[in-house]
Amino acid sequence: MQSGNSVAPRHAILAVVLLAAIALQCVTSLLTESAVVDEPNYIAGGVTFLSFGREAHRAFYMGEHHPPLGYLCNALPVLFMEGLNYPPDDDDWLGTGVWDFGDRFLFSLNMERSEEIVHRCRLVTVFFSVMLGLLVFHLARRLHGTDAGLFALFLYSFSPTVLGLSRYAVLDVCAAFFMVLALCAFHEFLLDMRPRNVAFAGVAFGLAQLGKYSALLLAPSFVILLAVRLRRGGGAGIAVPMLKLCAVFLIGFAVVWAGYGFDAGSLSDVRKIDPFVSEAGGAWYFPDAARRSMGTFREGWLPLTAYLRGLWNLTRHAGSGHPAFLLGRVSARGWWYYYPAAFLLKTPIPILLLLSARMGLSRRLRRGEEIGDLLLLVPVGMTFLASFWSSQNIGVRHILLVYPLLHAYIGGLAAIRLGRPAGSLLLRSGITLASLWYLWGSLAIWPHYLAYFNEAAGGAENGYRCLVDSNLDWGQDLKGLKRYMDAHGIETVLIDYLGLRGCLEYYGINHEPLRERLALAGGPEGLPAGSIVAVSATARSGVWDLDPGKYAWFDRHEPVGNVGYSIFIYSF
């Protein structure tokens with residue numbers, strides 16, 4: 001347990017260097033990649049609120065699939081950009097839906113500045129990633145000392161999974177930051193339940209709920225942690241602590257209600273809008289945005305109507321399923337073990353080894369009055385437990401929270417002191433070797449962090465056989481495809497990829513849809529001689545059509561090129 005609050009100057013300098021390393025790796029790599037498929041809708045969702053006000057924003061998307069905070073943070077840089085073009089101030093553009101409008105806002109209304117907009121909005125995620133690293137340092141140091149904090153920060157700063165998601169204007173890193181902030185605040189609440197800490201824990205809990213619906217997992221985690229704390233307290237009364245926990249939750253949901261503009265409606269409003277997912281066979285679609293207007297709310301007494309409606313739609317989506325791919329198989333509903341499998345495939349082996357060592361040596365750590373490791377492990381367990389019931393198997397980003405918490409947990413290894421010199425030397429040598437292995441793996445994958453897979457999975461080169469979508473192929477390598485075409489004198493390609501239509505035009509990629517050409521040619525044998533085909537990992541997997549054999553004929557050919565491990569180039 002950390003005995004003091006001050007940090008020695010040399011330790012502070014090292015922490016700053018590691019935090020700067022996060023920013024440096026993110027900024028230098030984000031400049032090399034095109035907009036991923038989800039970025040325009042997250043940017044556009046925030047832009048509509050910031051530019052047109054609450055009603056237009058909610059009519060557009062907000063509160064229907066994710067809470068508002070991440071959207072607003074992503075779009076903040078747009079406020080400081082002059083000369084941007086916005087849609088007319090009428091209702092026609094609302095009916096296009098957020099996905100179409102996002103593509104229109106970036107690649108039609110502001111084509112010349114689309115990359116600048118994306119890059120600026122990505123810097124918000126970089127900022128939250130750096131701040132999340134600071135929280136990881138704080139948590140590990142608070143629990144097990146400065147050495148543990150620095151080691152945890154090192155692990156976080158070079159995590160390929162964290163870095164892979166820290167360069168895009170999406171919600172995951174922002175949401176993880178506020179969830180870890182809520183855990184830090186709740187830790188202080190457990191140590192001292194004075195009103196100030198109750199208020200801090202409540203506000204942080206509310207901000208986490210405004211980041212992403214998965215933050216609801218913090219509620220049962222808080223209950224479990226308080227129960228353990230009270231049991232270890234040795235017979236202290238439970239009534240007052242439980243009332244204070246209720247106060248934390250009440251304050252938290254008051255913050256959420258404020259974030260939604262203190263909306264209120266009827267109970268029927270929660271379920272009356274067509275859901276994000278249809279019930280027939282797990283098919284999914286995006287309903288007409290115009291019917292989502294807050295103006296359709298009936299007068300009623302129910303607070304948090306928009307929040308509850310979004311939660312309802314999200315649970316329908318998670319329950320109905322989403323096309324998923326895992327280890328060569330496709331499914332409309334996914335697999336209960338998808339996220340544990342993705343974790344094992346995407347997490348560096350040195351981290352898995354260090355985690356095993358940390359668990360085996362946990363009793364060697366000195367214990368204090370704090371809740372300790374459970375503060376980190378209970379939310380991790382709750383995250384994996386919830387993932388078993390999710391049929392939305394589209395990326396390890398949905399369990400991103402486990403990474404900073406496990407980094408803080410593993411950081412405790414630096415605080416372990418074994419009784420025998422030989423044992424301590426062996427432990428230190430093992431930590432050093434694992435850290436060097438880990439550092440090399442992270443540096444070697446730059447700038448393609450999203451494509452990282454560990455050695456057991458076959459590395460990045462074999463990633464397309466294991467996982468696709470936001471685990472590998474999110475549309476980020478279209479800029480790299482253009483560079484490849486220019487370098488090899490390729491004028492046009494037949495393409496099938498997970499990405500944005502506007503990006504093809506923005507980067508000047510002459511193309512023809514591969515699917516249309518195949519339909520005209522009657523199959524791959526009918527392709528004209530000399531055709532250059534670019535197919536992304538997600539398209540090649542057949543997950544969109546729930547047909548893993550759709551592009552099996554590619555296996556009979558060797559690719560002549562590979563862009564960022566996510567786009568394969570073939571010559572016929």
# chains A, B, ... in the order shown; residues from 1 in each chain; ligands from 1
>>> residues_around(residues="Glu116 in chain A", least_positions_apart="4", cutoff="12 Å", atoms="only C-alpha atoms", output="number ranges by chain")
A: 30-31, 34-35, 77-78, 81-82, 84, 106-107, 110-112, 120-123
>>> residues_around(residues="range 207-218 of chain A", least_positions_apart="2", cutoff="6 Å", atoms="only C-alpha atoms", output="ChimeraX atom specification")
/A:66-67,69-70,175,178-179,204-205,220-222,256
>>> select_by_dssp(residues="range 55-212 of chain A", states="alpha helix (DSSP H)", output="PyMOL selection string")
chain A and resi 55-60+69-79+98-104+114-144+146-157+160-165+172-191+195-211
>>> closest_atom_pairs(of="range 117-236 of chain A", to="range 428-435 of chain A", cutoff="12 Å", atoms="only C-alpha atoms", output="JSON lines")
{"residue": "A:Phe151", "atom": "CA", "partner": "A:Ser435", "partner_atom": "CA", "distance": 9.4}
{"residue": "A:Ala152", "atom": "CA", "partner": "A:Ser435", "partner_atom": "CA", "distance": 11.2}
{"residue": "A:Phe154", "atom": "CA", "partner": "A:Ser435", "partner_atom": "CA", "distance": 8.9}
{"residue": "A:Leu155", "atom": "CA", "partner": "A:Ser435", "partner_atom": "CA", "distance": 8.1}
{"residue": "A:Tyr156", "atom": "CA", "partner": "A:Ser435", "partner_atom": "CA", "distance": 11.7}
{"residue": "A:Ser157", "atom": "CA", "partner": "A:Ser435", "partner_atom": "CA", "distance": 12.0}
{"residue": "A:Phe158", "atom": "CA", "partner": "A:Ser435", "partner_atom": "CA", "distance": 10.0}
{"residue": "A:Ser159", "atom": "CA", "partner": "A:Ser435", "partner_atom": "CA", "distance": 11.3}
>>> closest_residue(among="A:Lys550, A:Arg517, A:His322, A:Arg358", to="Tyr409 in chain A", atoms="only C-alpha atoms")
A:Arg358
>>> closest_residue(among="A:Leu436, A:Leu230, A:Leu171, A:Leu518", to="Asn74 in chain A", atoms="only C-alpha atoms")
A:Leu171
>>> closest_residue(among="A:Leu355, A:Val330, A:Leu134, A:Trp257", to="Thr305 in chain A", atoms="only C-alpha atoms")
A:Trp257
>>> atom_distance(atom1="CA of Gly522 in chain A", atom2="CA of Ala552 in chain A")
15.6 Å
>>> closest_atom_pairs(of="range 137-198 of chain A", to="range 444-460 of chain A", cutoff="10 Å", atoms="only C-alpha atoms", output="JSON lines")
{"residue": "A:Ser159", "atom": "CA", "partner": "A:Tyr449", "partner_atom": "CA", "distance": 8.9}
{"residue": "A:Pro160", "atom": "CA", "partner": "A:Tyr449", "partner_atom": "CA", "distance": 5.2}
{"residue": "A:Thr161", "atom": "CA", "partner": "A:Leu450", "partner_atom": "CA", "distance": 6.8}
{"residue": "A:Val162", "atom": "CA", "partner": "A:Tyr449", "partner_atom": "CA", "distance": 8.6}
{"residue": "A:Leu163", "atom": "CA", "partner": "A:Tyr449", "partner_atom": "CA", "distance": 6.3}
{"residue": "A:Gly164", "atom": "CA", "partner": "A:Leu450", "partner_atom": "CA", "distance": 4.4}
{"residue": "A:Leu165", "atom": "CA", "partner": "A:Leu450", "partner_atom": "CA", "distance": 7.1}
{"residue": "A:Ser166", "atom": "CA", "partner": "A:Tyr449", "partner_atom": "CA", "distance": 9.7}
{"residue": "A:Arg167", "atom": "CA", "partner": "A:Tyr449", "partner_atom": "CA", "distance": 9.6}
>>> write_last_selection(atoms="N, CA, C and O atoms", output="PDB file, in the first residue's frame")
ATOM      1  N   SER A 159       0.636  -1.343 -24.957  1.00  0.00           N
ATOM      2  CA  SER A 159      -0.353  -2.369 -25.264  1.00  0.00           C
ATOM      3  C   SER A 159      -0.840  -2.202 -26.697  1.00  0.00           C
ATOM      4  O   SER A 159      -1.449  -1.178 -27.033  1.00  0.00           O
ATOM      5  N   PRO A 160      -0.632  -3.175 -27.578  1.00  0.00           N
ATOM      6  CA  PRO A 160      -1.114  -3.036 -28.958  1.00  0.00           C
ATOM      7  C   PRO A 160      -2.632  -2.876 -29.030  1.00  0.00           C
ATOM      8  O   PRO A 160      -3.137  -2.144 -29.887  1.00  0.00           O
ATOM      9  N   THR A 161      -3.346  -3.547 -28.139  1.00  0.00           N
ATOM     10  CA  THR A 161      -4.799  -3.443 -28.152  1.00  0.00           C
ATOM     11  C   THR A 161      -5.247  -2.037 -27.771  1.00  0.00           C
ATOM     12  O   THR A 161      -6.117  -1.446 -28.419  1.00  0.00           O
ATOM     13  N   VAL A 162      -4.677  -1.500 -26.708  1.00  0.00           N
ATOM     14  CA  VAL A 162      -5.021  -0.146 -26.285  1.00  0.00           C
ATOM     15  C   VAL A 162      -4.623   0.867 -27.351  1.00  0.00           C
ATOM     16  O   VAL A 162      -5.419   1.747 -27.734  1.00  0.00           O
ATOM     17  N   LEU A 163      -3.398   0.763 -27.866  1.00  0.00           N
ATOM     18  CA  LEU A 163      -2.931   1.697 -28.887  1.00  0.00           C
ATOM     19  C   LEU A 163      -3.761   1.579 -30.158  1.00  0.00           C
ATOM     20  O   LEU A 163      -4.033   2.575 -30.839  1.00  0.00           O
ATOM     21  N   GLY A 164      -4.193   0.353 -30.478  1.00  0.00           N
ATOM     22  CA  GLY A 164      -4.983   0.155 -31.681  1.00  0.00           C
ATOM     23  C   GLY A 164      -6.294   0.909 -31.663  1.00  0.00           C
ATOM     24  O   GLY A 164      -6.793   1.355 -32.701  1.00  0.00           O
ATOM     25  N   LEU A 165      -6.879   1.076 -30.477  1.00  0.00           N
ATOM     26  CA  LEU A 165      -8.167   1.746 -30.353  1.00  0.00           C
ATOM     27  C   LEU A 165      -8.039   3.200 -29.901  1.00  0.00           C
ATOM     28  O   LEU A 165      -9.049   3.903 -29.830  1.00  0.00           O
ATOM     29  N   SER A 166      -6.818   3.633 -29.626  1.00  0.00           N
ATOM     30  CA  SER A 166      -6.600   4.989 -29.114  1.00  0.00           C
ATOM     31  C   SER A 166      -6.385   6.005 -30.212  1.00  0.00           C
ATOM     32  O   SER A 166      -6.104   7.163 -29.926  1.00  0.00           O
ATOM     33  N   ARG A 167      -6.520   5.595 -31.480  1.00  0.00           N
ATOM     34  CA  ARG A 167      -6.247   6.509 -32.595  1.00  0.00           C
ATOM     35  C   ARG A 167      -7.481   6.834 -33.408  1.00  0.00           C
ATOM     36  O   ARG A 167      -7.379   7.459 -34.452  1.00  0.00           O
TER      37      ARG A 167
END
>>> residues_around(residues="His187 in chain A", least_positions_apart="5", cutoff="10 Å", atoms="only C-alpha atoms", output="ChimeraX atom specification")
/A:139,142-143,181-182,192-193,197,201,222,225-226,370-372,375
>>> write_last_selection(atoms="C-alpha atoms", output="PDB file, in the first residue's frame")
ATOM      1  CA  LEU A 139      -4.547   2.911  -9.251  1.00  0.00           C
ATOM      2  CA  ARG A 142      -2.360   3.637  -4.739  1.00  0.00           C
ATOM      3  CA  LEU A 143      -2.637  -0.081  -4.148  1.00  0.00           C
ATOM      4  CA  LEU A 181     -12.297   7.063 -13.121  1.00  0.00           C
ATOM      5  CA  ALA A 182     -15.472   5.768 -11.436  1.00  0.00           C
ATOM      6  CA  ASP A 192     -13.598   6.934   3.681  1.00  0.00           C
ATOM      7  CA  MET A 193     -17.355   7.390   3.195  1.00  0.00           C
ATOM      8  CA  ASN A 197     -16.258  11.005  -1.451  1.00  0.00           C
ATOM      9  CA  ALA A 201     -18.128   8.576  -6.538  1.00  0.00           C
ATOM     10  CA  PHE A 222     -19.782  -1.684  -6.500  1.00  0.00           C
ATOM     11  CA  LEU A 225     -16.881  -4.539  -3.429  1.00  0.00           C
ATOM     12  CA  LEU A 226     -18.811  -2.849  -0.645  1.00  0.00           C
ATOM     13  CA  GLU A 370      -7.731  -1.278   1.102  1.00  0.00           C
ATOM     14  CA  ILE A 371      -9.958  -3.539  -0.944  1.00  0.00           C
ATOM     15  CA  GLY A 372      -6.874  -4.223  -3.049  1.00  0.00           C
ATOM     16  CA  LEU A 375     -11.166  -3.473  -7.023  1.00  0.00           C
TER      17      LEU A 375
END
>>> residues_around(residues="range 494-497 of chain A", least_positions_apart="6", cutoff="7 Å", atoms="only C-alpha atoms", output="list in words")
His511, Glu512, Pro513, Leu514, Ile532, Val533, Ala534, Val535, Ser536, Thr538 and Ala539 of chain A
